[in-house]
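Source file: input.pdb (PDB, C-alpha atoms)
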```pdb
ATOM      1  CA  MET Z   1     245.126 171.389  71.929
ATOM      2  CA  PRO Z   2     245.568 168.316  69.703
ATOM      3  CA  GLN Z   3     245.147 166.116  72.786
ATOM      4  CA  GLU Z   4     242.016 168.007  73.851
ATOM      5  CA  HIS Z   5     240.552 167.701  70.354
ATOM      6  CA  GLN Z   6     241.353 163.995  70.311
ATOM      7  CA  PHE Z   7     239.722 163.586  73.732
ATOM      8  CA  ARG Z   8     236.518 165.336  72.604
ATOM      9  CA  THR Z   9     236.407 163.258  69.445
ATOM     10  CA  ARG Z  10     236.810 160.094  71.478
ATOM     11  CA  LEU Z  11     234.133 161.250  73.927
ATOM     12  CA  ARG Z  12     231.644 161.985  71.118
ATOM     13  CA  TRP Z  13     232.355 158.560  69.640
ATOM     14  CA  LEU Z  14     231.690 156.866  72.995
ATOM     15  CA  VAL Z  15     228.471 158.829  73.541
ATOM     16  CA  ASP Z  16     227.275 157.969  70.042
ATOM     17  CA  LYS Z  17     227.979 154.263  70.560
ATOM     18  CA  ALA Z  18     226.283 154.313  73.969
ATOM     19  CA  ALA Z  19     223.170 156.021  72.586
ATOM     20  CA  THR Z  20     223.037 153.594  69.661
ATOM     21  CA  SER Z  21     223.404 150.622  72.014
ATOM     22  CA  LEU Z  22     220.597 151.909  74.231
ATOM     23  CA  ALA Z  23     218.326 152.434  71.226
ATOM     24  CA  VAL Z  24     219.015 148.924  69.924
ATOM     25  CA  THR Z  25     218.447 147.445  73.396
ATOM     26  CA  ALA Z  26     215.151 149.301  73.764
ATOM     27  CA  THR Z  27     214.030 148.025  70.348
ATOM     28  CA  ILE Z  28     214.875 144.454  71.301
ATOM     29  CA  LEU Z  29     213.011 144.792  74.605
ATOM     30  CA  VAL Z  30     209.937 145.990  72.714
ATOM     31  CA  ILE Z  31     210.042 143.254  70.073
ATOM     32  CA  LEU Z  32     211.084 140.381  72.347
ATOM     33  CA  PRO Z  33     207.773 139.975  74.241
ATOM     34  CA  LEU Z  34     205.796 140.000  70.983
ATOM     35  CA  GLY Z  35     208.162 137.441  69.469
ATOM     36  CA  ALA Z  36     207.961 135.248  72.570
ATOM     37  CA  ILE Z  37     204.156 135.331  72.551
ATOM     38  CA  PHE Z  38     204.026 134.531  68.850
ATOM     39  CA  VAL Z  39     206.437 131.590  69.194
ATOM     40  CA  TYR Z  40     204.510 130.224  72.199
ATOM     41  CA  LEU Z  41     201.239 130.451  70.268
ATOM     42  CA  ILE Z  42     202.812 128.568  67.369
ATOM     43  CA  ILE Z  43     204.024 125.834  69.723
ATOM     44  CA  LYS Z  44     200.660 125.484  71.460
ATOM     45  CA  GLY Z  45     198.252 126.095  68.605
ATOM     46  CA  ALA Z  46     199.849 125.190  65.277
ATOM     47  CA  SER Z  47     199.248 121.464  65.775
ATOM     48  CA  SER Z  48     195.473 122.068  65.943
ATOM     49  CA  LEU Z  49     195.300 123.986  62.668
ATOM     50  CA  ASN Z  50     193.826 121.956  59.837
ATOM     51  CA  VAL Z  51     191.243 122.243  57.094
ATOM     52  CA  ASP Z  52     188.373 121.550  59.506
ATOM     53  CA  PHE Z  53     189.422 124.457  61.703
ATOM     54  CA  PHE Z  54     188.862 126.913  58.857
ATOM     55  CA  THR Z  55     185.802 125.248  57.285
ATOM     56  CA  LYS Z  56     183.665 123.817  60.106
ATOM     57  CA  ILE Z  57     181.707 125.196  63.025
ATOM     58  CA  PRO Z  58     182.376 124.080  66.633
ATOM     59  CA  ALA Z  59     181.639 120.440  67.341
ATOM     60  CA  PRO Z  60     179.248 119.458  70.155
ATOM     61  CA  VAL Z  61     180.675 118.829  73.613
ATOM     62  CA  GLY Z  62     182.460 115.477  73.789
ATOM     63  CA  GLU Z  63     183.024 115.142  70.049
ATOM     64  CA  ALA Z  64     186.446 115.562  68.526
ATOM     65  CA  GLY Z  65     187.118 117.870  65.614
ATOM     66  CA  GLY Z  66     185.172 120.930  64.669
ATOM     67  CA  GLY Z  67     186.544 124.353  63.929
ATOM     68  CA  MET Z  68     186.038 128.093  64.185
ATOM     69  CA  ALA Z  69     185.008 129.037  60.666
ATOM     70  CA  ASN Z  70     181.920 130.862  61.922
ATOM     71  CA  ALA Z  71     183.993 132.758  64.494
ATOM     72  CA  ILE Z  72     186.529 133.854  61.872
ATOM     73  CA  VAL Z  73     183.777 135.145  59.586
ATOM     74  CA  GLY Z  74     182.058 136.787  62.552
ATOM     75  CA  SER Z  75     185.227 138.595  63.613
ATOM     76  CA  VAL Z  76     185.751 139.902  60.087
ATOM     77  CA  ALA Z  77     182.153 141.175  59.992
ATOM     78  CA  LEU Z  78     182.373 142.832  63.409
ATOM     79  CA  LEU Z  79     185.713 144.510  62.676
ATOM     80  CA  ALA Z  80     184.507 145.717  59.280
ATOM     81  CA  LEU Z  81     181.409 147.264  60.861
ATOM     82  CA  ALA Z  82     183.482 148.782  63.673
ATOM     83  CA  SER Z  83     185.898 150.309  61.151
ATOM     84  CA  LEU Z  84     183.038 151.766  59.108
ATOM     85  CA  ILE Z  85     181.781 153.467  62.264
ATOM     86  CA  GLY Z  86     184.983 154.386  64.077
ATOM     87  CA  VAL Z  87     187.350 155.465  61.292
ATOM     88  CA  PRO Z  88     185.220 158.195  59.641
ATOM     89  CA  ILE Z  89     184.026 159.606  62.973
ATOM     90  CA  GLY Z  90     187.507 159.531  64.488
ATOM     91  CA  ILE Z  91     189.221 161.149  61.510
ATOM     92  CA  GLY Z  92     186.441 163.723  61.177
ATOM     93  CA  GLY Z  93     186.725 164.619  64.855
ATOM     94  CA  GLY Z  94     190.499 164.933  64.602
ATOM     95  CA  ILE Z  95     190.212 167.209  61.562
ATOM     96  CA  TYR Z  96     187.764 169.460  63.390
ATOM     97  CA  LEU Z  97     189.972 169.685  66.478
ATOM     98  CA  ALA Z  98     193.127 170.503  64.508
ATOM     99  CA  GLU Z  99     191.787 172.672  61.693
ATOM    100  CA  PHE Z 100     188.445 174.273  62.513
ATOM    101  CA  GLY Z 101     187.843 174.210  66.257
ATOM    102  CA  ARG Z 102     191.066 175.501  67.769
ATOM    103  CA  GLY Z 103     190.392 177.266  71.064
ATOM    104  CA  THR Z 104     186.615 176.766  70.998
ATOM    105  CA  LYS Z 105     184.659 175.316  73.907
ATOM    106  CA  LEU Z 106     183.252 172.580  71.700
ATOM    107  CA  ALA Z 107     186.757 171.470  70.699
ATOM    108  CA  ASN Z 108     187.868 171.396  74.327
ATOM    109  CA  ALA Z 109     184.812 169.315  75.231
ATOM    110  CA  ILE Z 110     185.473 166.859  72.381
ATOM    111  CA  ARG Z 111     189.135 166.580  73.322
ATOM    112  CA  PHE Z 112     188.291 165.958  76.987
ATOM    113  CA  THR Z 113     185.658 163.364  76.050
ATOM    114  CA  ALA Z 114     188.106 161.520  73.777
ATOM    115  CA  ASP Z 115     190.732 161.424  76.521
ATOM    116  CA  VAL Z 116     188.188 160.071  79.010
ATOM    117  CA  LEU Z 117     186.922 157.432  76.580
ATOM    118  CA  ASN Z 118     190.497 156.278  75.981
ATOM    119  CA  GLY Z 119     190.725 155.308  79.637
ATOM    120  CA  VAL Z 120     187.280 153.735  79.999
ATOM    121  CA  PRO Z 121     187.447 149.926  80.479
ATOM    122  CA  SER Z 122     186.150 147.958  77.526
ATOM    123  CA  ILE Z 123     183.548 146.188  79.645
ATOM    124  CA  VAL Z 124     181.964 149.557  80.404
ATOM    125  CA  MET Z 125     181.717 150.187  76.663
ATOM    126  CA  GLY Z 126     179.964 146.850  76.338
ATOM    127  CA  LEU Z 127     177.516 147.703  79.116
ATOM    128  CA  ALA Z 128     176.759 151.056  77.479
ATOM    129  CA  ALA Z 129     176.067 149.378  74.128
ATOM    130  CA  TYR Z 130     173.936 146.806  75.925
ATOM    131  CA  ALA Z 131     171.811 149.508  77.558
ATOM    132  CA  LEU Z 132     171.511 151.678  74.441
ATOM    133  CA  ILE Z 133     171.081 149.027  71.727
ATOM    134  CA  VAL Z 134     170.473 145.526  73.071
ATOM    135  CA  VAL Z 135     167.832 146.453  75.660
ATOM    136  CA  PRO Z 136     165.679 148.547  73.276
ATOM    137  CA  GLN Z 137     165.950 145.852  70.579
ATOM    138  CA  HIS Z 138     165.245 143.069  73.113
ATOM    139  CA  HIS Z 139     167.938 140.832  71.614
ATOM    140  CA  PHE Z 140     171.701 140.565  71.151
ATOM    141  CA  SER Z 141     173.076 141.312  67.706
ATOM    142  CA  ALA Z 142     176.190 141.711  65.601
ATOM    143  CA  PHE Z 143     175.195 145.333  65.055
ATOM    144  CA  ALA Z 144     175.446 146.063  68.776
ATOM    145  CA  GLY Z 145     178.880 144.422  68.896
ATOM    146  CA  GLY Z 146     180.115 146.417  65.911
ATOM    147  CA  VAL Z 147     178.875 149.677  67.433
ATOM    148  CA  ALA Z 148     180.609 148.927  70.744
ATOM    149  CA  LEU Z 149     183.921 148.212  69.017
ATOM    150  CA  GLY Z 150     183.498 151.219  66.721
ATOM    151  CA  ILE Z 151     182.989 153.561  69.665
ATOM    152  CA  MET Z 152     186.165 152.184  71.231
ATOM    153  CA  MET Z 153     188.103 153.053  68.070
ATOM    154  CA  VAL Z 154     186.939 156.674  67.904
ATOM    155  CA  PRO Z 155     189.008 158.315  70.688
ATOM    156  CA  THR Z 156     192.321 156.778  69.607
ATOM    157  CA  ILE Z 157     191.819 157.743  65.964
ATOM    158  CA  CYS Z 158     190.523 161.205  66.863
ATOM    159  CA  ARG Z 159     193.440 162.187  69.078
ATOM    160  CA  THR Z 160     196.045 160.638  66.770
ATOM    161  CA  THR Z 161     194.581 162.450  63.763
ATOM    162  CA  GLU Z 162     194.651 165.751  65.638
ATOM    163  CA  GLU Z 163     198.278 165.336  66.684
ATOM    164  CA  MET Z 164     199.382 164.328  63.188
ATOM    165  CA  LEU Z 165     197.626 167.293  61.588
ATOM    166  CA  LEU Z 166     199.151 169.707  64.090
ATOM    167  CA  MET Z 167     202.599 168.464  63.027
ATOM    168  CA  VAL Z 168     202.016 169.599  59.435
ATOM    169  CA  PRO Z 169     203.908 172.912  58.921
ATOM    170  CA  HIS Z 170     201.635 175.947  58.819
ATOM    171  CA  ASN Z 171     203.453 177.103  55.671
ATOM    172  CA  VAL Z 172     201.805 174.258  53.759
ATOM    173  CA  ARG Z 173     198.364 175.602  54.629
ATOM    174  CA  GLU Z 174     199.354 179.161  53.780
ATOM    175  CA  ALA Z 175     200.734 178.091  50.388
ATOM    176  CA  ALA Z 176     197.476 176.355  49.496
ATOM    177  CA  LEU Z 177     195.357 179.311  50.604
ATOM    178  CA  GLY Z 178     197.659 181.692  48.718
ATOM    179  CA  LEU Z 179     196.877 179.797  45.516
ATOM    180  CA  GLY Z 180     193.172 180.435  46.042
ATOM    181  CA  VAL Z 181     192.290 176.914  47.212
ATOM    182  CA  PRO Z 182     189.256 176.868  49.544
ATOM    183  CA  ASN Z 183     190.079 176.075  53.151
ATOM    184  CA  TRP Z 184     188.124 172.816  53.225
ATOM    185  CA  ARG Z 185     189.767 171.640  50.012
ATOM    186  CA  ALA Z 186     193.224 172.549  51.303
ATOM    187  CA  VAL Z 187     192.582 170.573  54.474
ATOM    188  CA  LEU Z 188     191.371 167.436  52.697
ATOM    189  CA  SER Z 189     193.701 167.446  49.691
ATOM    190  CA  ILE Z 190     196.912 168.785  51.243
ATOM    191  CA  THR Z 191     196.972 168.792  55.051
ATOM    192  CA  VAL Z 192     195.285 165.426  55.557
ATOM    193  CA  LYS Z 193     197.275 163.859  52.717
ATOM    194  CA  THR Z 194     200.530 165.113  54.219
ATOM    195  CA  ALA Z 195     199.622 163.649  57.614
ATOM    196  CA  SER Z 196     198.128 160.434  56.170
ATOM    197  CA  PRO Z 197     200.941 158.078  57.307
ATOM    198  CA  GLY Z 198     200.431 159.103  60.944
ATOM    199  CA  ILE Z 199     196.647 159.003  60.620
ATOM    200  CA  ILE Z 200     196.820 155.511  59.139
ATOM    201  CA  THR Z 201     199.042 154.409  62.018
ATOM    202  CA  GLY Z 202     196.442 155.677  64.488
ATOM    203  CA  CYS Z 203     193.707 153.764  62.667
ATOM    204  CA  MET Z 204     195.800 150.590  62.766
ATOM    205  CA  LEU Z 205     196.449 150.998  66.493
ATOM    206  CA  ALA Z 206     192.723 151.378  67.137
ATOM    207  CA  PHE Z 207     191.953 148.378  64.920
ATOM    208  CA  ALA Z 208     194.503 146.198  66.691
ATOM    209  CA  ARG Z 209     193.143 147.279  70.064
ATOM    210  CA  VAL Z 210     189.538 146.251  69.403
ATOM    211  CA  ALA Z 211     190.341 143.123  67.367
ATOM    212  CA  GLY Z 212     191.043 141.086  70.500
ATOM    213  CA  GLU Z 213     188.360 142.562  72.762
ATOM    214  CA  THR Z 214     186.064 140.053  74.432
ATOM    215  CA  ALA Z 215     184.237 141.897  77.228
ATOM    216  CA  PRO Z 216     182.179 144.249  74.988
ATOM    217  CA  LEU Z 217     181.067 141.334  72.813
ATOM    218  CA  ILE Z 218     179.765 139.346  75.779
ATOM    219  CA  PHE Z 219     177.099 142.018  76.334
ATOM    220  CA  THR Z 220     176.369 142.722  72.668
ATOM    221  CA  ALA Z 221     177.201 140.054  70.061
ATOM    222  CA  LEU Z 222     176.879 137.266  72.682
ATOM    223  CA  GLY Z 223     178.332 134.556  70.413
ATOM    224  CA  ASN Z 224     176.846 131.849  68.239
ATOM    225  CA  ASP Z 225     177.745 128.189  67.731
ATOM    226  CA  PHE Z 226     176.243 128.180  64.243
ATOM    227  CA  TRP Z 227     176.662 130.090  60.983
ATOM    228  CA  SER Z 228     175.300 133.613  61.166
ATOM    229  CA  THR Z 229     176.141 136.703  59.125
ATOM    230  CA  SER Z 230     173.049 138.766  59.899
ATOM    231  CA  LEU Z 231     173.619 142.025  61.757
ATOM    232  CA  LYS Z 232     170.310 141.503  63.565
ATOM    233  CA  GLU Z 233     171.309 138.200  65.189
ATOM    234  CA  PRO Z 234     173.978 137.089  67.689
ATOM    235  CA  ILE Z 235     177.230 136.319  65.925
ATOM    236  CA  ALA Z 236     180.351 134.328  66.744
ATOM    237  CA  ALA Z 237     183.761 135.980  67.109
ATOM    238  CA  LEU Z 238     187.245 134.625  67.654
ATOM    239  CA  PRO Z 239     187.835 136.382  71.015
ATOM    240  CA  LEU Z 240     184.504 135.092  72.324
ATOM    241  CA  GLN Z 241     185.145 131.552  71.096
ATOM    242  CA  ILE Z 242     188.656 131.567  72.578
ATOM    243  CA  TRP Z 243     187.271 132.775  75.915
ATOM    244  CA  ILE Z 244     184.585 130.056  75.955
ATOM    245  CA  TYR Z 245     187.030 127.306  75.041
ATOM    246  CA  ALA Z 246     189.755 128.488  77.431
ATOM    247  CA  GLN Z 247     187.513 128.276  80.501
ATOM    248  CA  SER Z 248     186.092 124.863  79.572
ATOM    249  CA  PRO Z 249     187.341 121.621  81.198
ATOM    250  CA  TYR Z 250     187.974 119.881  77.854
ATOM    251  CA  ASP Z 251     191.504 119.428  76.527
ATOM    252  CA  GLU Z 252     190.255 119.409  72.938
ATOM    253  CA  TRP Z 253     188.696 122.846  73.413
ATOM    254  CA  HIS Z 254     191.887 124.104  75.044
ATOM    255  CA  ARG Z 255     193.861 123.117  71.941
ATOM    256  CA  LEU Z 256     191.336 124.868  69.720
ATOM    257  CA  ALA Z 257     191.572 127.960  71.929
ATOM    258  CA  TRP Z 258     195.335 128.125  71.378
ATOM    259  CA  ALA Z 259     194.815 127.655  67.643
ATOM    260  CA  GLY Z 260     192.188 130.401  67.638
ATOM    261  CA  ALA Z 261     194.536 132.780  69.450
ATOM    262  CA  LEU Z 262     197.243 132.089  66.865
ATOM    263  CA  VAL Z 263     194.845 132.713  63.975
ATOM    264  CA  LEU Z 264     193.603 135.932  65.599
ATOM    265  CA  ILE Z 265     197.140 137.296  65.936
ATOM    266  CA  VAL Z 266     198.001 136.333  62.362
ATOM    267  CA  LEU Z 267     194.822 137.940  61.009
ATOM    268  CA  ILE Z 268     195.577 141.190  62.840
ATOM    269  CA  VAL Z 269     199.167 141.251  61.571
ATOM    270  CA  LEU Z 270     198.080 140.496  57.997
ATOM    271  CA  ALA Z 271     195.314 143.123  58.033
ATOM    272  CA  VAL Z 272     197.570 145.827  59.447
ATOM    273  CA  SER Z 273     200.417 144.927  57.075
ATOM    274  CA  LEU Z 274     198.110 144.933  54.047
ATOM    275  CA  VAL Z 275     196.640 148.334  54.912
ATOM    276  CA  ARG Z 276     200.111 149.723  55.557
ATOM    277  CA  PHE Z 277     201.440 148.359  52.259
ATOM    278  CA  VAL Z 278     198.546 149.641  50.146
ATOM    279  CA  THR Z 279     198.491 153.091  51.751
ATOM    280  CA  SER Z 280     202.268 153.488  51.607
ATOM    281  CA  ARG Z 281     202.190 152.765  47.874
ATOM    282  CA  GLY Z 282     199.467 155.349  47.490
ATOM    283  CA  VAL Z 283     201.479 157.929  49.428
ATOM    284  CA  LEU Z 284     204.566 157.252  47.328
ATOM    285  CA  LYS Z 285     202.640 157.582  44.082
ATOM    286  CA  GLY Z 286     201.078 160.812  45.300
ATOM    287  CA  ALA Z 287     204.501 162.191  46.200
ATOM    288  CA  SER Z 288     205.949 161.264  42.824
TER     289      SER Z 288
END
```
Write-out of the structure in structure tokens:
Amino acid sequence: MPQEHQFRTRLRWLVDKAATSLAVTATILVILPLGAIFVYLIIKGASSLNVDFFTKIPAPVGEAGGGMANAIVGSVALLALASLIGVPIGIGGGIYLAEFGRGTKLANAIRFTADVLNGVPSIVMGLAAYALIVVPQHHFSAFAGGVALGIMMVPTICRTTEEMLLMVPHNVREAALGLGVPNWRAVLSITVKTASPGIITGCMLAFARVAGETAPLIFTALGNDFWSTSLKEPIAALPLQIWIYAQSPYDEWHRLAWAGALVLIVLIVLAVSLVRFVTSRGVLKGAS
């Protein structure tokens, strides 16, 4: 018996170490490609980052210098507009699916539509926005680009919100209702707040997905070599500018394309990290 007990203890120890090793290996395999891409972007693009890159618009063909200041501002404007459209609609749809529409035909239709939209290529989203917004307006615009990106955010946020809300224990809802809290208030103040870390993660995933999209913007925002912040006019964006520079035959533009890709990645990481930090502090304060 002592030998059998010792054998089982040893076996559990080996299984635990093996599982831990596999988990660590899987984590490294996930992080390694991202780290490799980031290091390569630093090697290729860091040398082209200077004050002009962040303060000047693109230089004419054949001239050295220039920057992507207009593209950086344009990307911020497009992503802000997309978030204003996609986040409220996505979260609202997820709340309806999880809390108010369980088992209804409308909920099933919304869920099916969200799943289909998740698999639709981004260029199709751009064509749809082109047909619905650009053609009737007879011109490209930042508004059309923001709508296209916002629509792309909706299905990811909607389905993530639904799944996170379904993970909240039903006892939490019953406790709120037992205290006489209206159902809608219980959902917004308790259920959604409990699931907020997962909902925020879904929003960040959707944001990161659309931040680097180029195809939808080709058919909507079009791009602009000059300063433009109007939603009614074509606007520059980092993905568009990188795409234009990358396919050009000029070495100077290639260097700027690498620098633009590096800045785009850094902006996404900073935006996601800032949102995560602010919301996590809010969650901790609410819990305390």
Pick from Z:Ala257, Z:Thr191, Z:Thr160, Z:Asp225: nearest to Z:Ala175, with only C-alpha atoms counted?
Z:Thr191
Just need the box for stretch 10-29 of chain Z, edges along x, y and z, holding every atom the file lists for it with 3 Å tacked onto each side, so centre and edge lengths in Å to one decimal, as JSON.
```
{"center_x": 224.9, "center_y": 153.2, "center_z": 72.1, "size_x": 29.8, "size_y": 23.5, "size_z": 11.0}
```
Surrounding residues of stretch 204-207 of chain Z excluding itself and chain neighbours under 6 positions, 8 Å, all atoms listed in the file, as a list in words
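The residues that qualify are Leu79, Ser83, Met152, Met153, Val154, Thr156, Ile157 and Val272 of chain Z.
The residues returned by the PyMOL selection byres ((chain Z and resi 94) around 8) for this structure are Gly90, Ile91, Gly92, Gly93, Ile95, Tyr96, Leu97, Ala98, Ile157, Cys158, Arg159, Thr160, Thr161 and Glu162 of chain Z.
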Picked residues, the PyMOL selection byres ((chain Z and resi 194) around 12), as a PyMOL selection string
chain Z and resi 161+164-170+172-173+186-193+195-200+282-284+286-287
Convert the output of the PyMOL selection byres ((chain Z and resi 70-76) around 8) on the shown file into explicit residues, formatted as a list in words.
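Evaluating the PyMOL selection byres ((chain Z and resi 70-76) around 8) on these coordinates yields Phe54, Lys56, Ile57, Met68, Ala69, Ala77, Leu78, Leu79, Ala80, Ala211, Asp225, Phe226, Trp227, Ser228, Thr229, Ile235, Ala236, Ala237, Leu238 and Gln241 of chain Z.
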Please indicate the distance in Å from atom CA of Z:Val124 to atom CA of Z:Leu222, rounded to one decimal place.
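If I compute the distance from atom CA of Z:Val124 to atom CA of Z:Leu222, I get 15.4 Å.
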Atoms are missing here; could stretch 48-76 of chain Z be completed with N, CA and C atoms and written as a compact mmCIF listing (two decimals), in the coordinates of the input?
```txt
# COMPACT_ATOMS: atom_id res chain seq x y z
N SER Z 48 196.93 122.21 66.05
CA SER Z 48 195.47 122.07 65.94
C SER Z 48 194.92 122.73 64.69
N LEU Z 49 195.77 123.35 63.90
CA LEU Z 49 195.30 123.99 62.67
C LEU Z 49 195.21 122.96 61.55
N ASN Z 50 194.05 122.85 60.97
CA ASN Z 50 193.83 121.96 59.84
C ASN Z 50 192.69 122.52 59.00
N VAL Z 51 192.30 121.77 57.99
CA VAL Z 51 191.24 122.24 57.09
C VAL Z 51 189.93 122.41 57.85
N ASP Z 52 189.63 121.47 58.76
CA ASP Z 52 188.37 121.55 59.51
C ASP Z 52 188.30 122.82 60.35
N PHE Z 53 189.42 123.26 60.86
CA PHE Z 53 189.42 124.46 61.70
C PHE Z 53 188.92 125.67 60.94
N PHE Z 54 189.23 125.75 59.66
CA PHE Z 54 188.86 126.91 58.86
C PHE Z 54 187.57 126.71 58.07
N THR Z 55 186.98 125.51 58.11
CA THR Z 55 185.80 125.25 57.28
C THR Z 55 184.59 124.76 58.08
N LYS Z 56 184.77 124.38 59.33
CA LYS Z 56 183.66 123.82 60.11
C LYS Z 56 183.35 124.67 61.33
N ILE Z 57 182.12 124.51 61.81
CA ILE Z 57 181.71 125.20 63.02
C ILE Z 57 182.08 124.34 64.23
N PRO Z 58 182.00 124.87 65.45
CA PRO Z 58 182.38 124.08 66.63
C PRO Z 58 181.58 122.79 66.75
N ALA Z 59 182.28 121.74 67.14
CA ALA Z 59 181.64 120.44 67.34
C ALA Z 59 180.94 120.42 68.70
N PRO Z 60 179.91 119.57 68.85
CA PRO Z 60 179.25 119.46 70.16
C PRO Z 60 180.20 118.98 71.24
N VAL Z 61 179.84 119.23 72.48
CA VAL Z 61 180.68 118.83 73.61
C VAL Z 61 180.88 117.31 73.60
N GLY Z 62 182.13 116.89 73.74
CA GLY Z 62 182.46 115.48 73.79
C GLY Z 62 182.87 114.90 72.45
N GLU Z 63 182.63 115.62 71.37
CA GLU Z 63 183.02 115.14 70.05
C GLU Z 63 184.32 115.81 69.62
N ALA Z 64 185.19 115.02 69.01
CA ALA Z 64 186.45 115.56 68.53
C ALA Z 64 186.24 116.30 67.21
N GLY Z 65 187.19 117.15 66.88
CA GLY Z 65 187.12 117.87 65.61
C GLY Z 65 186.39 119.20 65.76
N GLY Z 66 185.82 119.63 64.67
CA GLY Z 66 185.17 120.93 64.67
C GLY Z 66 186.17 122.03 64.38
N GLY Z 67 185.67 123.23 64.23
CA GLY Z 67 186.54 124.35 63.93
C GLY Z 67 185.94 125.67 64.36
N MET Z 68 186.48 126.75 63.83
CA MET Z 68 186.04 128.09 64.18
C MET Z 68 185.75 128.93 62.94
N ALA Z 69 185.27 128.29 61.89
CA ALA Z 69 185.01 129.04 60.67
C ALA Z 69 183.99 130.14 60.89
N ASN Z 70 182.94 129.84 61.66
CA ASN Z 70 181.92 130.86 61.92
C ASN Z 70 182.47 132.01 62.75
N ALA Z 71 183.40 131.71 63.66
CA ALA Z 71 183.99 132.76 64.49
C ALA Z 71 184.92 133.65 63.68
N ILE Z 72 185.64 133.06 62.73
CA ILE Z 72 186.53 133.85 61.87
C ILE Z 72 185.71 134.81 61.02
N VAL Z 73 184.65 134.30 60.40
CA VAL Z 73 183.78 135.15 59.59
C VAL Z 73 183.12 136.21 60.46
N GLY Z 74 182.69 135.83 61.66
CA GLY Z 74 182.06 136.79 62.55
C GLY Z 74 183.00 137.90 62.97
N SER Z 75 184.25 137.57 63.25
CA SER Z 75 185.23 138.60 63.61
C SER Z 75 185.46 139.57 62.47
N VAL Z 76 185.56 139.03 61.25
CA VAL Z 76 185.75 139.90 60.09
C VAL Z 76 184.57 140.85 59.93
```
